[in-house]
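Q: See protein15.cif below, with mmCIF, C-alpha atoms.
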```cif
data_model
loop_
_atom_site.label_atom_id
_atom_site.label_comp_id
_atom_site.auth_asym_id
_atom_site.auth_seq_id
_atom_site.Cartn_x
_atom_site.Cartn_y
_atom_site.Cartn_z
CA MET U 1 -106.28 -48.68 75.85
CA ILE U 2 -103.01 -46.78 76.10
CA ILE U 3 -101.40 -45.02 73.16
CA LEU U 4 -97.70 -44.41 73.59
CA VAL U 5 -96.11 -41.72 71.47
CA SER U 6 -92.45 -41.84 70.53
CA CYS U 7 -90.41 -40.07 67.90
CA HIS U 8 -88.52 -42.22 65.40
CA LEU U 9 -85.91 -40.17 63.58
CA GLU U 10 -83.88 -40.95 60.50
CA TYR U 11 -81.48 -38.65 58.73
CA GLY U 12 -80.49 -38.84 55.09
CA ASP U 13 -79.21 -36.10 52.82
CA GLY U 14 -79.81 -33.70 55.69
CA ARG U 15 -83.53 -34.55 55.76
CA ARG U 16 -85.27 -35.74 58.92
CA ILE U 17 -87.83 -38.53 58.46
CA LEU U 18 -90.77 -39.26 60.75
CA ARG U 19 -93.00 -42.30 60.43
CA ILE U 20 -96.51 -42.31 61.90
CA LYS U 21 -96.28 -45.99 62.77
CA ASP U 22 -93.38 -45.20 65.08
CA PHE U 23 -95.48 -42.66 66.96
CA ILE U 24 -97.89 -45.40 68.01
CA THR U 25 -97.45 -48.63 69.94
CA ASP U 26 -100.67 -50.36 70.94
CA THR U 27 -102.03 -53.84 70.69
CA ASN U 28 -105.28 -53.08 68.91
CA HIS U 29 -105.68 -49.78 67.05
CA LYS U 30 -109.03 -50.39 65.36
CA ASN U 31 -111.49 -47.48 65.62
CA VAL U 32 -108.96 -45.35 67.48
CA ASP U 33 -108.87 -41.59 66.93
CA TYR U 34 -105.32 -40.62 66.03
CA SER U 35 -105.89 -36.85 65.98
CA GLN U 36 -103.45 -36.09 68.78
CA VAL U 37 -100.81 -38.31 67.21
CA PHE U 38 -101.07 -36.37 63.94
CA GLN U 39 -100.76 -33.08 65.81
CA LYS U 40 -97.59 -34.30 67.51
CA ALA U 41 -96.22 -35.40 64.16
CA TRP U 42 -97.05 -32.01 62.64
CA LYS U 43 -95.33 -30.25 65.53
CA GLY U 44 -92.24 -32.30 64.84
CA LEU U 45 -92.37 -31.46 61.13
CA CYS U 46 -93.12 -27.79 61.53
CA GLU U 47 -90.75 -27.01 64.37
CA GLY U 48 -87.92 -28.85 62.68
CA GLU U 49 -86.64 -30.50 65.83
CA GLY U 50 -83.32 -32.25 65.47
CA GLU U 51 -80.17 -31.57 63.47
CA GLY U 52 -81.39 -32.09 59.94
CA THR U 53 -80.99 -29.04 57.70
CA GLY U 54 -82.81 -30.27 54.60
CA GLY U 55 -86.30 -30.15 56.03
CA SER U 56 -88.54 -32.90 57.36
CA SER U 57 -90.62 -35.77 55.96
CA LEU U 58 -93.57 -37.65 57.41
CA VAL U 59 -94.22 -41.04 55.82
CA ILE U 60 -97.54 -42.93 55.99
CA ASN U 61 -97.00 -46.38 54.52
CA GLU U 62 -99.31 -48.28 52.17
CA ASN U 63 -100.66 -50.68 54.78
CA GLU U 64 -101.46 -47.94 57.31
CA LYS U 65 -104.96 -46.61 58.00
CA TYR U 66 -105.88 -43.85 60.43
CA THR U 67 -109.10 -42.19 61.55
CA ILE U 68 -108.74 -38.57 62.59
CA GLN U 69 -110.95 -35.66 63.60
CA PRO U 70 -110.72 -32.29 61.80
CA GLN U 71 -107.13 -31.07 61.83
CA LEU U 72 -105.49 -27.66 61.51
CA PHE U 73 -101.86 -27.88 60.44
CA GLU U 74 -100.66 -24.34 60.97
CA GLY U 75 -97.48 -22.43 60.23
CA PRO U 76 -95.31 -20.54 59.90
CA CYS U 77 -92.80 -23.31 60.36
CA VAL U 78 -89.14 -23.34 61.32
CA SER U 79 -88.40 -26.16 58.92
CA SER U 80 -87.42 -24.88 55.47
CA TYR U 81 -89.07 -27.79 53.66
CA ILE U 82 -91.95 -30.01 54.77
CA HIS U 83 -92.74 -33.27 53.02
CA ILE U 84 -95.70 -35.56 53.75
CA GLN U 85 -95.92 -38.85 51.86
CA ILE U 86 -99.29 -40.59 52.09
CA ASP U 87 -99.43 -44.09 50.65
CA GLY U 88 -101.97 -45.39 53.16
CA LYS U 89 -105.49 -44.27 53.99
CA ILE U 90 -106.66 -41.41 56.19
CA GLU U 91 -110.35 -41.20 56.96
CA ALA U 92 -112.73 -39.10 59.01
CA PRO U 93 -115.27 -40.48 61.49
CA LYS U 94 -118.02 -42.05 59.44
CA ARG U 95 -120.96 -40.05 60.82
CA PRO U 96 -121.24 -36.26 61.22
CA LYS U 97 -122.23 -36.58 64.89
CA GLN U 98 -118.94 -38.36 65.54
CA TRP U 99 -117.08 -35.20 64.55
CA GLY U 100 -118.20 -33.65 67.82
CA ASN U 101 -119.56 -30.13 68.25
CA LYS U 102 -116.55 -28.45 66.70
CA ARG U 103 -117.48 -26.31 63.71
CA THR U 104 -114.88 -26.49 60.99
CA GLU U 105 -114.68 -25.28 57.42
CA SER U 106 -112.37 -28.15 56.45
CA TRP U 107 -111.56 -31.62 57.63
CA LEU U 108 -107.85 -31.12 56.89
CA MET U 109 -106.48 -27.57 56.67
CA PHE U 110 -102.97 -26.33 56.04
CA LYS U 111 -102.71 -22.64 56.97
CA ASN U 112 -99.80 -20.20 56.65
CA VAL U 113 -97.43 -22.92 55.51
CA GLU U 114 -94.55 -22.37 53.10
CA SER U 115 -92.69 -24.97 51.01
CA LEU U 116 -95.04 -27.89 51.56
CA PHE U 117 -94.85 -31.05 49.42
CA ILE U 118 -97.60 -33.67 49.83
CA ASN U 119 -97.50 -36.73 47.59
CA GLY U 120 -98.22 -40.43 47.46
CA SER U 121 -100.61 -43.06 46.18
CA GLY U 122 -102.89 -43.00 49.21
CA VAL U 123 -106.52 -42.12 49.92
CA LEU U 124 -108.37 -39.40 51.81
CA ASP U 125 -111.91 -40.43 52.72
CA PRO U 126 -114.05 -38.00 54.78
CA HIS U 127 -117.23 -40.11 54.34
CA GLY U 128 -119.13 -37.17 52.93
CA GLU U 129 -121.95 -39.41 51.76
CA ASN U 130 -123.28 -39.31 55.31
CA TRP U 131 -123.39 -35.50 55.27
CA TRP U 132 -125.28 -34.85 52.02
CA ARG U 133 -128.79 -35.54 53.27
CA SER U 134 -128.39 -34.82 56.96
CA VAL U 135 -126.49 -31.50 57.03
CA ARG U 136 -127.25 -28.41 54.96
CA HIS U 137 -124.63 -27.23 52.51
CA SER U 138 -123.46 -24.17 54.47
CA LYS U 139 -122.63 -26.36 57.48
CA ARG U 140 -120.64 -29.01 55.64
CA PRO U 141 -116.82 -29.03 55.67
CA ARG U 142 -114.48 -29.25 52.73
CA THR U 143 -112.11 -32.19 52.69
CA LEU U 144 -108.77 -30.43 52.20
CA SER U 145 -107.88 -26.74 52.32
CA PHE U 146 -104.73 -24.78 51.64
CA LYS U 147 -105.20 -21.33 53.16
CA GLN U 148 -102.69 -18.50 52.83
CA CYS U 149 -99.94 -20.91 51.82
CA THR U 150 -96.95 -20.40 49.50
CA ASP U 151 -95.02 -22.86 47.34
CA ILE U 152 -97.29 -25.89 47.59
CA ILE U 153 -97.11 -29.19 45.71
CA TYR U 154 -99.92 -31.73 46.10
CA ASN U 155 -99.51 -34.82 43.93
CA GLY U 156 -100.87 -38.29 43.36
CA LEU U 157 -103.60 -38.86 45.94
CA THR U 158 -107.19 -40.04 45.57
CA GLN U 159 -110.06 -38.36 47.42
CA TYR U 160 -113.56 -39.78 47.83
CA ASN U 161 -116.97 -38.30 48.60
CA SER U 162 -116.30 -34.90 50.09
CA PRO U 163 -119.06 -33.36 52.24
CA LYS U 164 -118.57 -30.19 50.14
CA ASN U 165 -115.56 -29.12 48.03
CA HIS U 166 -112.88 -31.76 47.75
CA ILE U 167 -110.06 -29.19 47.69
CA SER U 168 -109.97 -25.48 48.45
CA VAL U 169 -107.07 -23.20 47.49
CA TYR U 170 -107.62 -19.85 49.21
CA GLY U 171 -105.23 -16.93 49.44
CA CYS U 172 -102.33 -18.99 48.12
CA THR U 173 -99.38 -18.21 45.85
CA ASN U 174 -97.48 -20.67 43.67
CA ALA U 175 -99.21 -24.03 44.05
CA THR U 176 -99.18 -27.12 41.83
CA LEU U 177 -101.87 -29.79 42.15
CA SER U 178 -101.26 -32.76 39.88
CA ASN U 179 -102.04 -36.40 39.21
CA LEU U 180 -105.07 -36.31 41.50
CA THR U 181 -108.23 -38.41 41.39
CA LEU U 182 -111.33 -36.81 42.92
CA LEU U 183 -114.45 -38.98 43.03
CA ALA U 184 -118.07 -38.41 44.07
CA PRO U 185 -121.39 -39.53 42.54
CA GLU U 186 -122.91 -37.39 39.80
CA LYS U 187 -125.87 -36.44 41.99
CA SER U 188 -123.89 -35.70 45.12
CA PRO U 189 -124.74 -32.08 46.11
CA ASN U 190 -122.14 -29.31 45.88
CA THR U 191 -119.18 -31.66 45.79
CA ASP U 192 -116.94 -29.42 43.69
CA GLY U 193 -113.57 -30.84 42.79
CA ILE U 194 -111.17 -27.91 43.26
CA GLY U 195 -112.10 -24.37 44.28
CA ILE U 196 -109.58 -21.58 43.74
CA SER U 197 -110.10 -18.16 45.30
CA LEU U 198 -107.93 -15.12 45.96
CA SER U 199 -104.91 -17.01 44.66
CA HIS U 200 -102.12 -16.47 42.14
CA ASN U 201 -99.84 -18.66 40.05
CA ILE U 202 -101.81 -21.89 40.49
CA ARG U 203 -101.39 -24.99 38.30
CA ILE U 204 -103.75 -27.97 38.10
CA LEU U 205 -102.32 -30.73 35.94
CA ASP U 206 -102.92 -34.30 34.78
CA SER U 207 -105.90 -35.09 37.00
CA SER U 208 -109.27 -36.85 36.85
CA ILE U 209 -112.25 -35.18 38.52
CA GLN U 210 -115.68 -36.83 38.73
CA THR U 211 -118.08 -34.99 41.05
CA GLY U 212 -121.59 -33.59 41.48
CA ASP U 213 -120.65 -29.95 40.83
CA ASP U 214 -117.90 -27.92 39.15
CA CYS U 215 -114.80 -29.96 38.48
CA ILE U 216 -112.83 -26.76 38.96
CA ALA U 217 -114.19 -23.33 39.93
CA ILE U 218 -112.08 -20.17 39.95
CA THR U 219 -113.32 -17.15 41.90
CA GLY U 220 -111.61 -13.91 42.70
CA GLY U 221 -112.52 -12.54 46.05
CA ARG U 222 -111.63 -8.96 46.87
CA GLY U 223 -107.95 -9.49 46.01
CA GLY U 224 -108.61 -11.36 42.77
CA SER U 225 -107.19 -14.55 41.29
CA SER U 226 -104.72 -14.58 38.42
CA ASP U 227 -102.28 -16.70 36.44
CA ILE U 228 -104.12 -20.01 36.65
CA ASN U 229 -103.07 -22.91 34.41
CA ILE U 230 -105.32 -25.97 34.05
CA THR U 231 -103.88 -28.59 31.73
CA ARG U 232 -104.80 -32.20 30.90
CA VAL U 233 -107.71 -32.50 33.29
CA ALA U 234 -110.45 -35.05 32.62
CA CYS U 235 -113.78 -33.72 33.92
CA GLY U 236 -116.98 -35.69 34.16
CA PRO U 237 -119.50 -36.17 35.42
CA GLY U 238 -119.84 -32.70 36.90
CA HIS U 239 -120.64 -29.11 35.95
CA GLY U 240 -117.51 -28.36 33.94
CA ILE U 241 -114.53 -26.05 34.47
CA SER U 242 -115.85 -22.66 35.52
CA ILE U 243 -114.63 -19.14 35.87
CA GLY U 244 -116.95 -18.12 38.67
CA SER U 245 -119.37 -17.69 39.89
CA LEU U 246 -118.28 -14.05 40.18
CA GLY U 247 -119.94 -11.02 41.73
CA LYS U 248 -122.31 -12.63 44.20
CA GLY U 249 -123.57 -10.19 46.82
CA ASP U 250 -122.38 -7.20 44.79
CA ILE U 251 -118.75 -7.87 45.67
CA ASP U 252 -115.90 -6.82 43.39
CA ASP U 253 -114.71 -10.13 41.96
CA THR U 254 -111.75 -10.40 39.58
CA VAL U 255 -110.27 -13.35 37.69
CA GLU U 256 -107.71 -12.86 34.94
CA ASN U 257 -104.98 -14.64 33.01
CA VAL U 258 -106.42 -18.16 32.97
CA ILE U 259 -105.45 -20.97 30.61
CA VAL U 260 -107.55 -24.14 30.32
CA ARG U 261 -105.79 -26.39 27.83
CA SER U 262 -105.96 -30.00 26.62
CA CYS U 263 -108.89 -30.89 28.88
CA SER U 264 -111.78 -33.28 28.26
CA PHE U 265 -115.40 -33.25 29.40
CA TRP U 266 -117.60 -36.32 29.51
CA GLY U 267 -121.31 -36.18 30.36
CA THR U 268 -120.99 -32.80 32.05
CA GLN U 269 -123.61 -30.07 32.34
CA ASN U 270 -121.11 -27.56 30.99
CA GLY U 271 -117.72 -27.57 29.36
CA ALA U 272 -115.85 -24.28 29.11
CA ARG U 273 -117.83 -21.93 31.33
CA ILE U 274 -117.88 -18.39 32.68
CA LYS U 275 -120.65 -17.50 35.15
CA THR U 276 -121.32 -14.16 36.82
CA TRP U 277 -124.12 -12.87 39.02
CA HIS U 278 -126.31 -10.11 37.66
CA GLY U 279 -125.64 -7.04 39.78
CA GLY U 280 -122.05 -8.02 40.58
CA LYS U 281 -118.86 -6.08 40.02
CA GLY U 282 -115.35 -6.87 38.84
CA LEU U 283 -114.04 -8.60 35.74
CA ALA U 284 -113.16 -11.85 34.01
CA LYS U 285 -110.39 -11.09 31.53
CA ASN U 286 -107.72 -12.82 29.44
CA ILE U 287 -109.25 -16.29 29.53
CA LEU U 288 -108.21 -19.04 27.10
CA PHE U 289 -109.96 -22.39 26.57
CA GLU U 290 -107.91 -24.36 24.05
CA ASN U 291 -107.71 -27.93 22.72
CA ILE U 292 -110.88 -29.05 24.46
CA THR U 293 -112.81 -32.26 23.80
CA VAL U 294 -116.45 -32.61 24.87
CA THR U 295 -118.56 -35.76 24.86
CA ASN U 296 -122.32 -35.56 25.48
CA THR U 297 -121.94 -32.20 27.22
CA LYS U 298 -125.07 -30.07 27.67
CA TYR U 299 -123.44 -26.69 27.04
CA PRO U 300 -119.94 -27.17 25.60
CA ILE U 301 -119.33 -23.39 25.55
CA ILE U 302 -121.17 -20.99 27.85
CA ILE U 303 -120.89 -17.46 29.17
CA ASP U 304 -123.70 -16.61 31.57
CA GLN U 305 -123.86 -13.07 32.95
CA HIS U 306 -127.24 -13.78 34.53
CA TYR U 307 -126.22 -16.65 36.80
CA SER U 308 -128.49 -17.13 39.82
CA ASN U 309 -127.78 -20.73 40.94
CA GLY U 310 -131.41 -21.74 40.57
CA GLY U 311 -132.86 -18.58 42.12
CA THR U 312 -134.61 -15.72 40.43
CA GLY U 313 -131.75 -13.29 40.98
CA HIS U 314 -132.09 -9.54 41.26
CA VAL U 315 -131.57 -7.07 38.47
CA LYS U 316 -129.33 -4.06 38.97
CA GLY U 317 -127.32 -1.85 36.67
CA ASN U 318 -123.97 -3.47 37.49
CA ALA U 319 -122.49 -6.53 35.86
CA VAL U 320 -119.12 -8.27 36.03
CA LYS U 321 -117.12 -7.29 32.95
CA VAL U 322 -116.26 -10.20 30.68
CA SER U 323 -113.67 -9.53 27.98
CA ASP U 324 -110.78 -10.99 26.01
CA VAL U 325 -111.99 -14.57 26.12
CA THR U 326 -110.83 -17.09 23.51
CA PHE U 327 -112.34 -20.50 22.72
CA ARG U 328 -110.01 -22.30 20.32
CA TYR U 329 -109.89 -25.85 18.92
CA ILE U 330 -112.94 -27.21 20.70
CA GLU U 331 -114.60 -30.31 19.30
CA GLY U 332 -116.99 -33.08 20.27
CA THR U 333 -120.67 -33.69 20.91
CA SER U 334 -123.37 -31.58 22.56
CA ALA U 335 -126.22 -33.11 24.56
CA SER U 336 -128.48 -30.10 23.93
CA LYS U 337 -129.54 -28.23 20.83
CA ILE U 338 -127.79 -25.06 21.99
CA ALA U 339 -124.10 -25.93 21.92
CA ILE U 340 -122.82 -22.35 22.27
CA LYS U 341 -124.56 -20.07 24.75
CA LEU U 342 -123.44 -16.47 25.25
CA ASP U 343 -126.00 -14.81 27.52
CA CYS U 344 -124.45 -11.43 28.25
CA ASP U 345 -125.70 -8.39 30.12
CA GLU U 346 -127.59 -5.83 28.03
CA ASN U 347 -125.77 -2.90 29.64
CA GLN U 348 -122.27 -4.29 30.11
CA GLY U 349 -122.05 -6.84 27.29
CA CYS U 350 -119.21 -9.30 26.65
CA HIS U 351 -116.30 -7.89 24.67
CA ASN U 352 -113.68 -9.41 22.38
CA ILE U 353 -114.96 -12.96 22.49
CA VAL U 354 -112.90 -14.97 20.00
CA MET U 355 -113.98 -18.35 18.63
CA GLU U 356 -111.66 -20.26 16.36
CA HIS U 357 -111.74 -23.81 15.01
CA ILE U 358 -114.88 -24.96 16.79
CA LYS U 359 -116.40 -28.22 15.55
CA LEU U 360 -119.40 -29.44 17.51
CA THR U 361 -122.02 -31.99 16.53
CA SER U 362 -125.09 -33.34 18.27
CA ALA U 363 -124.85 -36.36 20.54
CA LYS U 364 -128.08 -37.40 18.79
CA PRO U 365 -127.27 -38.31 15.19
CA GLY U 366 -128.97 -36.11 12.63
CA LYS U 367 -129.87 -33.30 15.02
CA LYS U 368 -128.80 -29.78 14.08
CA LEU U 369 -127.10 -27.58 16.64
CA SER U 370 -127.49 -23.84 17.19
CA ALA U 371 -125.98 -20.94 19.12
CA TYR U 372 -127.70 -18.56 21.51
CA CYS U 373 -126.02 -15.19 21.68
CA LYS U 374 -127.01 -11.82 23.09
CA PHE U 375 -125.04 -8.64 23.74
CA ALA U 376 -121.64 -10.13 22.89
CA ASP U 377 -118.89 -8.89 20.61
CA VAL U 378 -117.86 -12.10 18.87
CA LYS U 379 -115.13 -12.73 16.33
CA ALA U 380 -115.63 -16.21 14.85
CA SER U 381 -113.60 -18.15 12.32
CA PHE U 382 -113.78 -21.81 11.34
CA VAL U 383 -116.81 -22.39 13.56
CA ASN U 384 -119.27 -24.97 12.22
CA ILE U 385 -122.26 -23.43 14.06
CA HIS U 386 -123.56 -20.07 12.87
CA ILE U 387 -123.31 -17.37 15.56
CA ASN U 388 -125.53 -14.34 15.04
CA CYS U 389 -124.86 -11.87 17.79
CA GLY U 390 -124.22 -8.17 18.04
CA LEU U 391 -123.50 -6.03 21.06
CA TYR U 392 -126.66 -4.08 20.39
CA PRO U 393 -129.03 -6.35 18.41
#
```
What would you get if you wrote out this structure as structure tokens?
A:
Amino acid sequence: MIILVSCHLEYGDGRRILRIKDFITDTNHKNVDYSQVFQKAWKGLCEGEGEGTGGSSLVINENEKYTIQPQLFEGPCVSSYIHIQIDGKIEAPKRPKQWGNKRTESWLMFKNVESLFINGSGVLDPHGENWWRSVRHSKRPRTLSFKQCTDIIYNGLTQYNSPKNHISVYGCTNATLSNLTLLAPEKSPNTDGIGISLSHNIRILDSSIQTGDDCIAITGGRGGSSDINITRVACGPGHGISIGSLGKGDIDDTVENVIVRSCSFWGTQNGARIKTWHGGKGLAKNILFENITVTNTKYPIIIDQHYSNGGTGHVKGNAVKVSDVTFRYIEGTSASKIAIKLDCDENQGCHNIVMEHIKLTSAKPGKKLSAYCKFADVKASFVNIHINCGLYP
């Protein structure tokens, strides 16, 4: 089989348009690996070949389907604006052994790219279901990563069954992820929806996330994460929207200025959550969870300064500082008796925890709910569950 590569160019409004289908002419393209074709297309986008001054676009049409190996799309780019429209389907080889011996942290990675706009109604399918039982978690790739990128928009796509995290945002500034659908079975292991680390000015909007782990997890890294806005996200099943985990391995982990607003949780293990490792360092500060609806959620509100991810943990004098956290206008049903859990460190404590207009009832009619609270400074008003907690009980 011979694959011929050509470059089909269109210009409009100063923008150069590439179409994958015009890079390929073959008689039968079933089960063909198009990795090299995608690299040639990326080179054309990134290098900005041609006379267009308004940037470049790559279009993958609705009826197009491509199988590709792990890809690194790397900048910096000459083109001032890069647009990729995916209305078709891009999938990985179905079995891990078909990925070859190449170790990769992500199936698709964009690195050191500025002014990138990816949108469409298409699908990314890495066939992660074939990784979950055969490959240990630390060796599995994420589906899509943005690493050290600036000014990113990712909108409209559907992603299925990631081997690990569906999306990773690492070391990025000014990114908007919106109108996404991320899907994996409830019991799929470590299939987080979106992981944010060492990033600033990140928005996640108007999306549906159904996975086997955190719908969204925000961690700091040594440079911290800040100014994160999560609005109108439907989460469930999954483990909730989490600040953390922070402080693992005694690192200095910082997350601050986070807004989680107008989100819903259905059948999740947690709702609004902060989790830090005992013995860690750093801080979680200026966090707002507001206008939240929970349905049959095990822990609708939880701060856990003794997080160990199923292990026994190790006790040291340090703890990640948790302060200036507000839970406001949260309502719905709890699947467990303890609807509010504030398990704070006896030495560090949690400070200035504000709870306002909280109305939670049991998912089991007639059952009374309670709060568990230790070593937290709580200011509560219009909360229908009694919270008895002092910093030094």
Q: Please enumerate the residues selected by the PyMOL selection byres ((chain U and resi 54-60) around 7) when evaluated against the supplied file, formatted as an NGL selection string.
A: :U and (14-20 or 45 or 48 or 52-53 or 61-62 or 64 or 79-88)
Q: I need the residue set behind the PyMOL selection byres ((chain U and resi 347) around 9) for this file; please write it as a list in words.
A: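 The output of the PyMOL selection byres ((chain U and resi 347) around 9) on this file is Gly317, Asn318, Ala319, Cys344, Asp345, Glu346, Gln348, Gly349 and Phe375 of chain U.
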Q: Could you list the residues chosen by the PyMOL selection byres ((chain U and resi 158) around 7) in this structure as a PyMOL selection string?
A: chain U and resi 122-124+156-157+159-160+180-182
Q: Given the selection you just returned, output its residues as a file containing C-alpha atoms, formatted as a PDB file, in the coordinates of the input.
A:
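Output below, filename selection_28.pdb:
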```pdb
ATOM      1  CA  GLY U 122    -102.890 -43.000  49.210  1.00  0.00           C
ATOM      2  CA  VAL U 123    -106.520 -42.120  49.920  1.00  0.00           C
ATOM      3  CA  LEU U 124    -108.370 -39.400  51.810  1.00  0.00           C
ATOM      4  CA  GLY U 156    -100.870 -38.290  43.360  1.00  0.00           C
ATOM      5  CA  LEU U 157    -103.600 -38.860  45.940  1.00  0.00           C
ATOM      6  CA  GLN U 159    -110.060 -38.360  47.420  1.00  0.00           C
ATOM      7  CA  TYR U 160    -113.560 -39.780  47.830  1.00  0.00           C
ATOM      8  CA  LEU U 180    -105.070 -36.310  41.500  1.00  0.00           C
ATOM      9  CA  THR U 181    -108.230 -38.410  41.390  1.00  0.00           C
ATOM     10  CA  LEU U 182    -111.330 -36.810  42.920  1.00  0.00           C
TER      11      LEU U 182
END
```
Q: Skip Cys77 (chain U) itself and residues of its chain fewer than 2 positions away, then list as an MDAnalysis selection string all residues within 6 Å of it, counting only C-alpha atoms.
A: chainID U and resid 46:47 75 79
Q: For the selection just defined, write its residues with C-alpha atoms to a file, as an mmCIF file, in the frame of the given file.
A:
```cif
data_model
loop_
_atom_site.group_PDB
_atom_site.id
_atom_site.type_symbol
_atom_site.label_atom_id
_atom_site.label_comp_id
_atom_site.auth_asym_id
_atom_site.auth_seq_id
_atom_site.Cartn_x
_atom_site.Cartn_y
_atom_site.Cartn_z
ATOM 1 C CA CYS U 46 -93.120 -27.790 61.530
ATOM 2 C CA GLU U 47 -90.750 -27.010 64.370
ATOM 3 C CA GLY U 75 -97.480 -22.430 60.230
ATOM 4 C CA SER U 79 -88.400 -26.160 58.920
#
```
Q: CA of Gly195 (chain U) and CA of Gly120 (chain U), how far apart in Å?
A: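 Between CA of Gly120 (chain U) and CA of Gly195 (chain U) the gap works out to 21.5 Å.
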Q: For Thr276 (chain U), which of U:Gln36, U:Asn229, U:Thr295, U:Thr219 is the closest residue, counting all atoms listed in the file?
A: U:Thr219
Q: Could you check which residues have any atom within 10 Å of (-125.3, -34.1, 17.4), counting all atoms listed in the file with coordinates taken straight from the file, and then list them as number ranges by chain?
A: U: 296, 332-337, 339, 360-369
